[in-house]
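Structure file data-v6.cif with mmCIF, C-alpha atoms:
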```cif
data_entry
#
loop_
_atom_site.group_PDB
_atom_site.id
_atom_site.type_symbol
_atom_site.label_atom_id
_atom_site.label_comp_id
_atom_site.auth_asym_id
_atom_site.auth_seq_id
_atom_site.Cartn_x
_atom_site.Cartn_y
_atom_site.Cartn_z
ATOM 1 C CA MET Q 1 0.000 0.000 0.000
ATOM 2 C CA ALA Q 2 2.961 2.332 0.571
ATOM 3 C CA ALA Q 3 3.859 2.468 -3.144
ATOM 4 C CA ALA Q 4 0.261 3.226 -4.058
ATOM 5 C CA ASN Q 5 0.127 6.025 -1.474
ATOM 6 C CA GLN Q 6 3.167 7.653 -3.096
ATOM 7 C CA GLN Q 7 1.259 7.839 -6.392
ATOM 8 C CA ASN Q 8 -1.857 9.215 -4.672
ATOM 9 C CA ILE Q 9 -0.673 12.799 -5.002
ATOM 10 C CA ASP Q 10 -4.149 14.242 -4.422
ATOM 11 C CA ARG Q 11 -4.493 12.239 -1.159
ATOM 12 C CA LEU Q 12 -7.870 10.887 -2.185
ATOM 13 C CA PRO Q 13 -9.615 8.265 -0.028
ATOM 14 C CA ILE Q 14 -8.405 4.784 -0.977
ATOM 15 C CA ARG Q 15 -10.644 2.154 -2.556
ATOM 16 C CA LEU Q 16 -9.170 -1.363 -2.632
ATOM 17 C CA MET Q 17 -10.433 -3.425 -5.568
ATOM 18 C CA PHE Q 18 -9.676 -6.888 -6.916
ATOM 19 C CA GLN Q 19 -10.012 -7.417 -10.671
ATOM 20 C CA ASP Q 20 -10.351 -10.442 -12.919
ATOM 21 C CA GLU Q 21 -11.813 -11.525 -16.240
ATOM 22 C CA ALA Q 22 -13.569 -14.694 -17.335
ATOM 23 C CA ARG Q 23 -15.178 -15.944 -20.494
ATOM 24 C CA PHE Q 24 -18.831 -16.878 -20.754
ATOM 25 C CA GLY Q 25 -20.638 -18.271 -23.732
ATOM 26 C CA ARG Q 26 -22.515 -21.174 -25.209
ATOM 27 C CA MET Q 27 -20.466 -24.048 -23.746
ATOM 28 C CA SER Q 28 -22.728 -25.919 -21.304
ATOM 29 C CA ASP Q 29 -21.988 -26.164 -17.590
ATOM 30 C CA PRO Q 30 -23.699 -29.403 -16.475
ATOM 31 C CA ARG Q 31 -24.001 -29.698 -12.709
ATOM 32 C CA ALA Q 32 -25.804 -31.822 -10.171
ATOM 33 C CA CYS Q 33 -29.428 -30.853 -9.696
ATOM 34 C CA TRP Q 34 -32.490 -32.048 -7.831
ATOM 35 C CA ALA Q 35 -35.300 -34.168 -9.228
ATOM 36 C CA PRO Q 36 -38.030 -36.093 -7.379
ATOM 37 C CA ALA Q 37 -37.274 -39.787 -6.869
ATOM 38 C CA PRO Q 38 -37.235 -42.034 -8.868
ATOM 39 C CA GLN Q 39 -36.848 -39.603 -11.804
ATOM 40 C CA ARG Q 40 -33.486 -38.621 -13.233
ATOM 41 C CA PRO Q 41 -32.966 -35.037 -14.327
ATOM 42 C CA VAL Q 42 -32.350 -34.453 -18.016
ATOM 43 C CA VAL Q 43 -29.920 -31.661 -18.838
ATOM 44 C CA ASN Q 44 -29.255 -30.537 -22.403
ATOM 45 C CA LEU Q 45 -25.689 -30.123 -23.550
ATOM 46 C CA ALA Q 46 -24.124 -27.593 -25.908
ATOM 47 C CA LEU Q 47 -20.548 -27.776 -27.146
ATOM 48 C CA VAL Q 48 -20.495 -24.506 -29.074
ATOM 49 C CA ARG Q 49 -17.190 -22.671 -28.619
ATOM 50 C CA GLU Q 50 -18.471 -19.103 -28.759
ATOM 51 C CA PHE Q 51 -17.777 -16.767 -25.888
ATOM 52 C CA ARG Q 52 -17.217 -13.207 -24.723
ATOM 53 C CA TYR Q 53 -15.201 -11.893 -21.816
ATOM 54 C CA GLU Q 54 -16.611 -10.380 -18.669
ATOM 55 C CA TYR Q 55 -14.358 -7.972 -16.792
ATOM 56 C CA ALA Q 56 -15.112 -7.351 -13.123
ATOM 57 C CA ALA Q 57 -13.603 -5.475 -10.206
ATOM 58 C CA VAL Q 58 -14.923 -5.813 -6.678
ATOM 59 C CA SER Q 59 -14.279 -3.715 -3.600
ATOM 60 C CA PRO Q 60 -14.514 -6.185 -0.697
ATOM 61 C CA TRP Q 61 -14.748 -3.448 1.910
ATOM 62 C CA ASP Q 62 -18.175 -2.265 0.724
ATOM 63 C CA GLY Q 63 -19.242 -4.867 -1.870
ATOM 64 C CA CYS Q 64 -19.150 -2.472 -4.830
ATOM 65 C CA LEU Q 65 -18.950 -4.374 -8.148
ATOM 66 C CA ASP Q 66 -17.982 -2.828 -11.499
ATOM 67 C CA TYR Q 67 -18.169 -4.931 -14.665
ATOM 68 C CA MET Q 68 -17.964 -4.781 -18.464
ATOM 69 C CA THR Q 69 -18.437 -7.151 -21.416
ATOM 70 C CA ALA Q 70 -15.863 -7.324 -24.219
ATOM 71 C CA GLU Q 71 -15.290 -9.387 -27.348
ATOM 72 C CA LYS Q 72 -11.648 -10.028 -26.455
ATOM 73 C CA MET Q 73 -9.350 -9.985 -23.450
ATOM 74 C CA ASN Q 74 -6.624 -7.592 -24.518
ATOM 75 C CA THR Q 75 -4.798 -4.426 -23.515
ATOM 76 C CA GLU Q 76 -7.262 -2.141 -25.283
ATOM 77 C CA ASN Q 77 -10.272 -3.585 -23.418
ATOM 78 C CA MET Q 78 -8.384 -3.587 -20.127
ATOM 79 C CA SER Q 79 -7.650 0.126 -20.650
ATOM 80 C CA ILE Q 80 -11.339 0.759 -21.361
ATOM 81 C CA PHE Q 81 -12.337 -1.138 -18.224
ATOM 82 C CA LEU Q 82 -9.854 0.761 -16.032
ATOM 83 C CA ALA Q 83 -11.208 4.043 -17.415
ATOM 84 C CA GLN Q 84 -14.768 2.896 -16.645
ATOM 85 C CA VAL Q 85 -13.836 2.010 -13.049
ATOM 86 C CA SER Q 86 -11.961 5.296 -12.663
ATOM 87 C CA GLU Q 87 -14.997 7.255 -13.873
ATOM 88 C CA ALA Q 88 -17.272 5.336 -11.498
ATOM 89 C CA HIS Q 89 -15.086 6.354 -8.527
ATOM 90 C CA PRO Q 90 -13.636 9.775 -9.480
ATOM 91 C CA ASP Q 91 -13.162 11.006 -5.910
ATOM 92 C CA GLU Q 92 -11.188 7.954 -4.762
ATOM 93 C CA PHE Q 93 -7.736 6.525 -5.391
ATOM 94 C CA ILE Q 94 -8.185 2.933 -6.593
ATOM 95 C CA ILE Q 95 -5.661 0.280 -5.685
ATOM 96 C CA MET Q 96 -6.460 -2.483 -8.187
ATOM 97 C CA VAL Q 97 -5.113 -5.919 -7.287
ATOM 98 C CA LEU Q 98 -4.961 -8.244 -10.294
ATOM 99 C CA ASP Q 99 -3.260 -11.273 -11.777
ATOM 100 C CA GLY Q 100 -0.288 -11.239 -14.121
ATOM 101 C CA ALA Q 101 -2.119 -11.476 -17.455
ATOM 102 C CA SER Q 102 -0.153 -9.919 -20.300
ATOM 103 C CA SER Q 103 -2.881 -7.319 -20.890
ATOM 104 C CA HIS Q 104 -2.346 -6.092 -17.311
ATOM 105 C CA LYS Q 105 1.380 -5.501 -17.821
ATOM 106 C CA SER Q 106 1.507 -4.131 -21.350
ATOM 107 C CA LYS Q 107 3.362 -0.881 -22.014
ATOM 108 C CA GLU Q 108 0.345 0.214 -24.087
ATOM 109 C CA LEU Q 109 -2.004 -0.077 -21.080
ATOM 110 C CA LYS Q 110 -3.625 3.291 -20.347
ATOM 111 C CA LEU Q 111 -3.711 3.764 -16.589
ATOM 112 C CA PRO Q 112 -6.027 6.487 -15.221
ATOM 113 C CA LYS Q 113 -4.501 8.999 -12.809
ATOM 114 C CA ASN Q 114 -6.499 7.697 -9.841
ATOM 115 C CA VAL Q 115 -5.648 3.997 -10.380
ATOM 116 C CA SER Q 116 -2.608 2.026 -9.253
ATOM 117 C CA LEU Q 117 -2.116 -1.640 -10.183
ATOM 118 C CA VAL Q 118 -0.770 -4.176 -7.691
ATOM 119 C CA PRO Q 119 0.024 -7.626 -9.125
ATOM 120 C CA LEU Q 120 -0.734 -10.841 -7.293
ATOM 121 C CA PRO Q 121 2.000 -13.465 -7.076
ATOM 122 C CA PRO Q 122 2.088 -15.769 -10.142
ATOM 123 C CA TYR Q 123 -0.315 -18.713 -10.166
ATOM 124 C CA SER Q 124 -2.283 -17.605 -7.098
ATOM 125 C CA PRO Q 125 -5.967 -17.286 -8.063
ATOM 126 C CA GLU Q 126 -6.875 -18.363 -4.522
ATOM 127 C CA LEU Q 127 -5.711 -14.908 -3.346
ATOM 128 C CA ASN Q 128 -8.143 -13.073 -5.617
ATOM 129 C CA PRO Q 129 -11.690 -12.776 -4.225
ATOM 130 C CA ALA Q 130 -12.893 -11.630 -7.665
ATOM 131 C CA GLU Q 131 -12.654 -15.305 -8.681
ATOM 132 C CA GLN Q 132 -15.683 -15.921 -6.428
ATOM 133 C CA ILE Q 133 -17.784 -13.736 -8.724
ATOM 134 C CA TRP Q 134 -17.280 -16.212 -11.555
ATOM 135 C CA ASN Q 135 -18.063 -19.223 -9.366
ATOM 136 C CA THR Q 136 -21.326 -17.623 -8.260
ATOM 137 C CA LEU Q 137 -22.251 -16.483 -11.765
ATOM 138 C CA ARG Q 138 -21.626 -19.937 -13.253
ATOM 139 C CA ARG Q 139 -23.532 -21.704 -10.476
ATOM 140 C CA ASP Q 140 -26.548 -19.373 -10.284
ATOM 141 C CA TYR Q 141 -26.938 -18.180 -13.888
ATOM 142 C CA PHE Q 142 -25.265 -20.724 -16.197
ATOM 143 C CA ALA Q 143 -25.551 -24.194 -14.622
ATOM 144 C CA ASN Q 144 -27.614 -26.625 -16.707
ATOM 145 C CA ARG Q 145 -28.534 -23.944 -19.257
ATOM 146 C CA VAL Q 146 -28.205 -24.043 -23.035
ATOM 147 C CA PHE Q 147 -28.236 -20.756 -24.964
ATOM 148 C CA ASP Q 148 -29.513 -20.361 -28.529
ATOM 149 C CA SER Q 149 -27.039 -17.587 -29.318
ATOM 150 C CA LEU Q 150 -23.959 -15.876 -27.992
ATOM 151 C CA ASP Q 151 -26.049 -12.754 -27.408
ATOM 152 C CA ALA Q 152 -28.398 -14.757 -25.157
ATOM 153 C CA ALA Q 153 -25.436 -16.024 -23.108
ATOM 154 C CA THR Q 154 -24.017 -12.500 -22.870
ATOM 155 C CA THR Q 155 -27.394 -11.144 -21.758
ATOM 156 C CA GLN Q 156 -27.511 -13.835 -19.063
ATOM 157 C CA ALA Q 157 -24.007 -12.939 -17.818
ATOM 158 C CA GLU Q 158 -24.834 -9.230 -17.727
ATOM 159 C CA LYS Q 159 -28.130 -9.933 -15.939
ATOM 160 C CA GLY Q 160 -26.304 -11.991 -13.312
ATOM 161 C CA LEU Q 161 -23.606 -9.368 -12.806
ATOM 162 C CA ALA Q 162 -26.208 -6.590 -12.550
ATOM 163 C CA GLU Q 163 -28.129 -8.526 -9.900
ATOM 164 C CA MET Q 164 -24.920 -9.279 -8.004
ATOM 165 C CA ALA Q 165 -23.891 -5.602 -8.154
ATOM 166 C CA ILE Q 166 -27.153 -4.534 -6.524
ATOM 167 C CA LYS Q 167 -26.630 -6.932 -3.599
ATOM 168 C CA LYS Q 168 -23.640 -5.124 -2.077
ATOM 169 C CA GLU Q 169 -23.858 -6.815 1.321
ATOM 170 C CA ALA Q 170 -23.887 -10.285 -0.266
ATOM 171 C CA MET Q 171 -20.915 -9.266 -2.429
ATOM 172 C CA ARG Q 172 -19.092 -7.982 0.642
ATOM 173 C CA ARG Q 173 -19.698 -11.265 2.491
ATOM 174 C CA LEU Q 174 -18.481 -13.221 -0.535
ATOM 175 C CA THR Q 175 -15.241 -11.268 -1.037
ATOM 176 C CA ASN Q 176 -14.211 -9.532 2.204
ATOM 177 C CA TRP Q 177 -11.959 -12.271 3.500
ATOM 178 C CA PRO Q 178 -10.370 -11.842 6.966
ATOM 179 C CA TRP Q 179 -6.954 -10.831 5.610
ATOM 180 C CA ILE Q 180 -8.586 -8.214 3.366
ATOM 181 C CA SER Q 181 -10.714 -6.910 6.203
ATOM 182 C CA ALA Q 182 -7.565 -6.609 8.327
ATOM 183 C CA ILE Q 183 -6.020 -4.220 5.757
ATOM 184 C CA LEU Q 184 -8.748 -1.700 6.513
ATOM 185 C CA LYS Q 185 -7.918 -1.789 10.208
ATOM 186 C CA THR Q 186 -4.234 -0.953 9.728
#
```

The structure in this file should be written as structure tokens.
Amino acid sequence: MAAANQQNIDRLPIRLMFQDEARFGRMSDPRACWAPAPQRPVVNLALVREFRYEYAAVSPWDGCLDYMTAEKMNTENMSIFLAQVSEAHPDEFIIMVLDGASSHKSKELKLPKNVSLVPLPPYSPELNPAEQIWNTLRRDYFANRVFDSLDAATTQAEKGLAEMAIKKEAMRRLTNWPWISAILKT
């Protein structure tokens, strides 16, 4: 946090956020489900390899969730997403914790003035609470569903993210792990 404070020249209040991206599309996600005995549930299957990327950043301290859909995961879309998050929180300095994807480290990445990036150690998704967003979205909005089009799958992902964003307390409970909560107290 010390390095980020040095860049916070305006001494804005700090917002800690964790960022990640995931792809969602027409590939089925079959999961266990309930059916009355002795019936067996029937779940359709789709093996269509069409998808789009969902970008998300969550602030575990208050459960705020920002998200965006993109055709590709690349430096240009990461720059657009960072600008969107910056505009959503103009009066705060955002410390964005993220993984080491190449689009996060590119020299062409456009970093807003009120955003500082902090990389996670390599191969450590278990340290990123934003990963829980994808688990919840897949379980609650994609499990055992087949979509007729990529647009229908994208609409479903955006619907799920919008509903999750409204439920700030649930998002806070999902992502504000004890070690993250302890940062606030220091």

Practice problem: Select, from Q:Phe18, Q:Trp61, Q:Tyr123, Q:Tyr141, the residue with the minimum atom-to-atom distance to Q:Lys168, counting only C-alpha atoms. | Solution: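 Of all the options, Q:Trp61 lies closest to Q:Lys168.
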
Hits of the PyMOL selection byres ((chain Q and resi 63-72) around 6) in this structure, as a PDB file with C-alpha atoms, keeping the file's coordinate frame:
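Wrote out.pdb, looks like this:
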```pdb
ATOM      1  CA  ARG Q  52     -17.217 -13.207 -24.723  1.00  0.00           C
ATOM      2  CA  TYR Q  53     -15.201 -11.893 -21.816  1.00  0.00           C
ATOM      3  CA  GLU Q  54     -16.611 -10.380 -18.669  1.00  0.00           C
ATOM      4  CA  TYR Q  55     -14.358  -7.972 -16.792  1.00  0.00           C
ATOM      5  CA  ALA Q  56     -15.112  -7.351 -13.123  1.00  0.00           C
ATOM      6  CA  ALA Q  57     -13.603  -5.475 -10.206  1.00  0.00           C
ATOM      7  CA  VAL Q  58     -14.923  -5.813  -6.678  1.00  0.00           C
ATOM      8  CA  SER Q  59     -14.279  -3.715  -3.600  1.00  0.00           C
ATOM      9  CA  PRO Q  60     -14.514  -6.185  -0.697  1.00  0.00           C
ATOM     10  CA  ASP Q  62     -18.175  -2.265   0.724  1.00  0.00           C
ATOM     11  CA  MET Q  73      -9.350  -9.985 -23.450  1.00  0.00           C
ATOM     12  CA  ASN Q  74      -6.624  -7.592 -24.518  1.00  0.00           C
ATOM     13  CA  ALA Q 165     -23.891  -5.602  -8.154  1.00  0.00           C
ATOM     14  CA  LYS Q 168     -23.640  -5.124  -2.077  1.00  0.00           C
ATOM     15  CA  GLU Q 169     -23.858  -6.815   1.321  1.00  0.00           C
ATOM     16  CA  MET Q 171     -20.915  -9.266  -2.429  1.00  0.00           C
ATOM     17  CA  ARG Q 172     -19.092  -7.982   0.642  1.00  0.00           C
TER      18      ARG Q 172
END
```

Exercise. Excluding Q:Trp134 and residues on its chain fewer than 3 positions from it, collect all residues at most 10 Å away from it, counting only C-alpha atoms, and give them as a list in words.
Key: Asp20, Glu21, Ala22, Arg23, Phe24, Glu54, Ala56, Pro129, Ala130, Glu131, Leu137, Arg138, Arg139, Asp140, Ala157 and Leu161 of chain Q

Quiz prompt | Which of Q:Ser28, Q:Thr155, Q:Asn77, Q:Gln19 sits closest to Q:Gly100 [using all atoms listed in the file] | solution = Q:Gln19

Exercise. Would you please work out which residue, of Q:Glu108, Q:Asp29, Q:Glu50, Q:Asp10, is nearest to Q:Ser149 when using all atoms listed in the file?
Key: Q:Glu50

Quiz prompt | Of the listed residues Q:Lys110, Q:Arg11, Q:Arg173, Q:Arg26, that which approaches Q:Ala152 most closely, counting only C-alpha atoms | solution =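 When distances to Q:Ala152 are compared using only C-alpha atoms, the smallest one comes from Q:Arg26.
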
Quiz item: Which value, in Å to one decimal, gives the distance between atom CA of Q:Ala46 and atom CA of Q:Pro125?
Solution: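 Computing the Euclidean distance for atom CA of Q:Ala46 and atom CA of Q:Pro125 yields 27.5 Å.
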
Practice problem: Return as a list in words the set of residues that the PyMOL selection byres ((chain Q and resi 116) around 9) yields on the displayed structure. | Solution: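 Against this file, the PyMOL selection byres ((chain Q and resi 116) around 9) returns the residues Ala3, Ala4, Gln7, Asn8, Phe93, Ile94, Ile95, Met96, Val97, Leu111, Pro112, Lys113, Asn114, Val115, Leu117 and Val118 of chain Q.
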
Practice problem: Using atom CA of Q:Ser102 and atom CA of Q:Ala83 as the two end points, give the distance in Å to one decimal. | Solution: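 Distance reported for this atom pair: 18.0 Å.
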
Practice problem: Find the residues around Q:Leu47 up to 12 Å (only C-alpha atoms counted), leave out those fewer than 6 positions away in its own chain, and share them as a ChimeraX atom specification. | Solution: /Q:25-30,145-148

Quiz item: Which of these residues is nearest to Q:Leu98, using all atoms listed in the file: Q:Pro41, Q:Lys159, Q:Arg31, Q:Leu127?
Solution: Q:Leu127

Atoms kept (all heavy atoms) for stretch 113-126 of chain Q, as a PDB file, in the first residue's frame:
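Resulting contents of part-v7.pdb:
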```pdb
ATOM      1  N   LYS Q 113      -5.277   8.326 -13.855  1.00  0.00           N
ATOM      2  CA  LYS Q 113      -4.501   8.999 -12.809  1.00  0.00           C
ATOM      3  C   LYS Q 113      -4.835   8.488 -11.408  1.00  0.00           C
ATOM      4  O   LYS Q 113      -3.961   8.413 -10.548  1.00  0.00           O
ATOM      5  CB  LYS Q 113      -4.755  10.507 -12.897  1.00  0.00           C
ATOM      6  CG  LYS Q 113      -3.989  11.327 -11.898  1.00  0.00           C
ATOM      7  CD  LYS Q 113      -4.332  12.794 -12.018  1.00  0.00           C
ATOM      8  CE  LYS Q 113      -3.668  13.573 -10.899  1.00  0.00           C
ATOM      9  NZ  LYS Q 113      -4.116  14.955 -10.865  1.00  0.00           N
ATOM     10  N   ASN Q 114      -6.090   8.109 -11.183  1.00  0.00           N
ATOM     11  CA  ASN Q 114      -6.499   7.697  -9.841  1.00  0.00           C
ATOM     12  C   ASN Q 114      -6.497   6.173  -9.654  1.00  0.00           C
ATOM     13  O   ASN Q 114      -7.161   5.661  -8.765  1.00  0.00           O
ATOM     14  CB  ASN Q 114      -7.878   8.268  -9.496  1.00  0.00           C
ATOM     15  CG  ASN Q 114      -8.994   7.657 -10.318  1.00  0.00           C
ATOM     16  OD1 ASN Q 114      -8.806   7.293 -11.470  1.00  0.00           O
ATOM     17  ND2 ASN Q 114     -10.168   7.555  -9.720  1.00  0.00           N
ATOM     18  N   VAL Q 115      -5.723   5.456 -10.480  1.00  0.00           N
ATOM     19  CA  VAL Q 115      -5.648   3.997 -10.380  1.00  0.00           C
ATOM     20  C   VAL Q 115      -4.190   3.562 -10.298  1.00  0.00           C
ATOM     21  O   VAL Q 115      -3.345   4.046 -11.047  1.00  0.00           O
ATOM     22  CB  VAL Q 115      -6.321   3.306 -11.593  1.00  0.00           C
ATOM     23  CG1 VAL Q 115      -6.154   1.793 -11.529  1.00  0.00           C
ATOM     24  CG2 VAL Q 115      -7.795   3.674 -11.672  1.00  0.00           C
ATOM     25  N   SER Q 116      -3.925   2.649  -9.369  1.00  0.00           N
ATOM     26  CA  SER Q 116      -2.608   2.026  -9.253  1.00  0.00           C
ATOM     27  C   SER Q 116      -2.800   0.513  -9.263  1.00  0.00           C
ATOM     28  O   SER Q 116      -3.690  -0.011  -8.579  1.00  0.00           O
ATOM     29  CB  SER Q 116      -1.930   2.461  -7.950  1.00  0.00           C
ATOM     30  OG  SER Q 116      -0.661   1.862  -7.834  1.00  0.00           O
ATOM     31  N   LEU Q 117      -1.991  -0.186 -10.063  1.00  0.00           N
ATOM     32  CA  LEU Q 117      -2.116  -1.640 -10.183  1.00  0.00           C
ATOM     33  C   LEU Q 117      -1.123  -2.337  -9.264  1.00  0.00           C
ATOM     34  O   LEU Q 117       0.040  -1.952  -9.196  1.00  0.00           O
ATOM     35  CB  LEU Q 117      -1.872  -2.079 -11.625  1.00  0.00           C
ATOM     36  CG  LEU Q 117      -2.767  -1.431 -12.684  1.00  0.00           C
ATOM     37  CD1 LEU Q 117      -2.428  -1.991 -14.055  1.00  0.00           C
ATOM     38  CD2 LEU Q 117      -4.230  -1.625 -12.360  1.00  0.00           C
ATOM     39  N   VAL Q 118      -1.610  -3.364  -8.574  1.00  0.00           N
ATOM     40  CA  VAL Q 118      -0.770  -4.176  -7.691  1.00  0.00           C
ATOM     41  C   VAL Q 118      -0.925  -5.629  -8.136  1.00  0.00           C
ATOM     42  O   VAL Q 118      -2.028  -6.190  -8.034  1.00  0.00           O
ATOM     43  CB  VAL Q 118      -1.185  -4.020  -6.207  1.00  0.00           C
ATOM     44  CG1 VAL Q 118      -0.338  -4.928  -5.320  1.00  0.00           C
ATOM     45  CG2 VAL Q 118      -1.086  -2.573  -5.771  1.00  0.00           C
ATOM     46  N   PRO Q 119       0.155  -6.249  -8.636  1.00  0.00           N
ATOM     47  CA  PRO Q 119       0.024  -7.626  -9.125  1.00  0.00           C
ATOM     48  C   PRO Q 119       0.026  -8.648  -7.997  1.00  0.00           C
ATOM     49  O   PRO Q 119       0.724  -8.492  -6.988  1.00  0.00           O
ATOM     50  CB  PRO Q 119       1.266  -7.797 -10.006  1.00  0.00           C
ATOM     51  CG  PRO Q 119       2.268  -6.850  -9.426  1.00  0.00           C
ATOM     52  CD  PRO Q 119       1.488  -5.681  -8.877  1.00  0.00           C
ATOM     53  N   LEU Q 120      -0.765  -9.687  -8.185  1.00  0.00           N
ATOM     54  CA  LEU Q 120      -0.734 -10.841  -7.293  1.00  0.00           C
ATOM     55  C   LEU Q 120       0.485 -11.695  -7.642  1.00  0.00           C
ATOM     56  O   LEU Q 120       1.001 -11.608  -8.756  1.00  0.00           O
ATOM     57  CB  LEU Q 120      -2.002 -11.680  -7.480  1.00  0.00           C
ATOM     58  CG  LEU Q 120      -3.292 -11.117  -6.900  1.00  0.00           C
ATOM     59  CD1 LEU Q 120      -4.490 -11.861  -7.468  1.00  0.00           C
ATOM     60  CD2 LEU Q 120      -3.276 -11.209  -5.391  1.00  0.00           C
ATOM     61  N   PRO Q 121       0.926 -12.538  -6.719  1.00  0.00           N
ATOM     62  CA  PRO Q 121       2.000 -13.465  -7.076  1.00  0.00           C
ATOM     63  C   PRO Q 121       1.539 -14.377  -8.223  1.00  0.00           C
ATOM     64  O   PRO Q 121       0.340 -14.652  -8.357  1.00  0.00           O
ATOM     65  CB  PRO Q 121       2.218 -14.279  -5.792  1.00  0.00           C
ATOM     66  CG  PRO Q 121       1.604 -13.469  -4.704  1.00  0.00           C
ATOM     67  CD  PRO Q 121       0.511 -12.665  -5.327  1.00  0.00           C
ATOM     68  N   PRO Q 122       2.476 -14.869  -9.040  1.00  0.00           N
ATOM     69  CA  PRO Q 122       2.088 -15.769 -10.142  1.00  0.00           C
ATOM     70  C   PRO Q 122       1.362 -17.013  -9.630  1.00  0.00           C
ATOM     71  O   PRO Q 122       1.681 -17.533  -8.565  1.00  0.00           O
ATOM     72  CB  PRO Q 122       3.424 -16.152 -10.775  1.00  0.00           C
ATOM     73  CG  PRO Q 122       4.392 -15.098 -10.337  1.00  0.00           C
ATOM     74  CD  PRO Q 122       3.904 -14.601  -9.006  1.00  0.00           C
ATOM     75  N   TYR Q 123       0.415 -17.472 -10.421  1.00  0.00           N
ATOM     76  CA  TYR Q 123      -0.315 -18.713 -10.166  1.00  0.00           C
ATOM     77  C   TYR Q 123      -0.953 -18.748  -8.775  1.00  0.00           C
ATOM     78  O   TYR Q 123      -0.826 -19.714  -8.046  1.00  0.00           O
ATOM     79  CB  TYR Q 123       0.588 -19.927 -10.366  1.00  0.00           C
ATOM     80  CG  TYR Q 123       1.291 -19.911 -11.694  1.00  0.00           C
ATOM     81  CD1 TYR Q 123       2.635 -19.594 -11.784  1.00  0.00           C
ATOM     82  CD2 TYR Q 123       0.582 -20.182 -12.865  1.00  0.00           C
ATOM     83  CE1 TYR Q 123       3.273 -19.544 -13.021  1.00  0.00           C
ATOM     84  CE2 TYR Q 123       1.210 -20.139 -14.097  1.00  0.00           C
ATOM     85  CZ  TYR Q 123       2.553 -19.823 -14.168  1.00  0.00           C
ATOM     86  OH  TYR Q 123       3.181 -19.766 -15.389  1.00  0.00           O
ATOM     87  N   SER Q 124      -1.648 -17.666  -8.422  1.00  0.00           N
ATOM     88  CA  SER Q 124      -2.283 -17.605  -7.098  1.00  0.00           C
ATOM     89  C   SER Q 124      -3.727 -17.111  -7.177  1.00  0.00           C
ATOM     90  O   SER Q 124      -4.086 -16.146  -6.502  1.00  0.00           O
ATOM     91  CB  SER Q 124      -1.463 -16.709  -6.167  1.00  0.00           C
ATOM     92  OG  SER Q 124      -1.368 -15.408  -6.715  1.00  0.00           O
ATOM     93  N   PRO Q 125      -4.577 -17.754  -7.981  1.00  0.00           N
ATOM     94  CA  PRO Q 125      -5.967 -17.286  -8.063  1.00  0.00           C
ATOM     95  C   PRO Q 125      -6.704 -17.383  -6.734  1.00  0.00           C
ATOM     96  O   PRO Q 125      -7.683 -16.671  -6.517  1.00  0.00           O
ATOM     97  CB  PRO Q 125      -6.592 -18.220  -9.113  1.00  0.00           C
ATOM     98  CG  PRO Q 125      -5.731 -19.427  -9.118  1.00  0.00           C
ATOM     99  CD  PRO Q 125      -4.338 -18.943  -8.783  1.00  0.00           C
ATOM    100  N   GLU Q 126      -6.212 -18.227  -5.825  1.00  0.00           N
ATOM    101  CA  GLU Q 126      -6.875 -18.363  -4.522  1.00  0.00           C
ATOM    102  C   GLU Q 126      -6.739 -17.096  -3.678  1.00  0.00           C
ATOM    103  O   GLU Q 126      -7.441 -16.944  -2.678  1.00  0.00           O
ATOM    104  CB  GLU Q 126      -6.324 -19.574  -3.756  1.00  0.00           C
ATOM    105  CG  GLU Q 126      -4.897 -19.426  -3.282  1.00  0.00           C
ATOM    106  CD  GLU Q 126      -3.821 -19.700  -4.341  1.00  0.00           C
ATOM    107  OE1 GLU Q 126      -4.166 -20.015  -5.488  1.00  0.00           O
ATOM    108  OE2 GLU Q 126      -2.635 -19.581  -4.003  1.00  0.00           O
TER     109      GLU Q 126
END
```
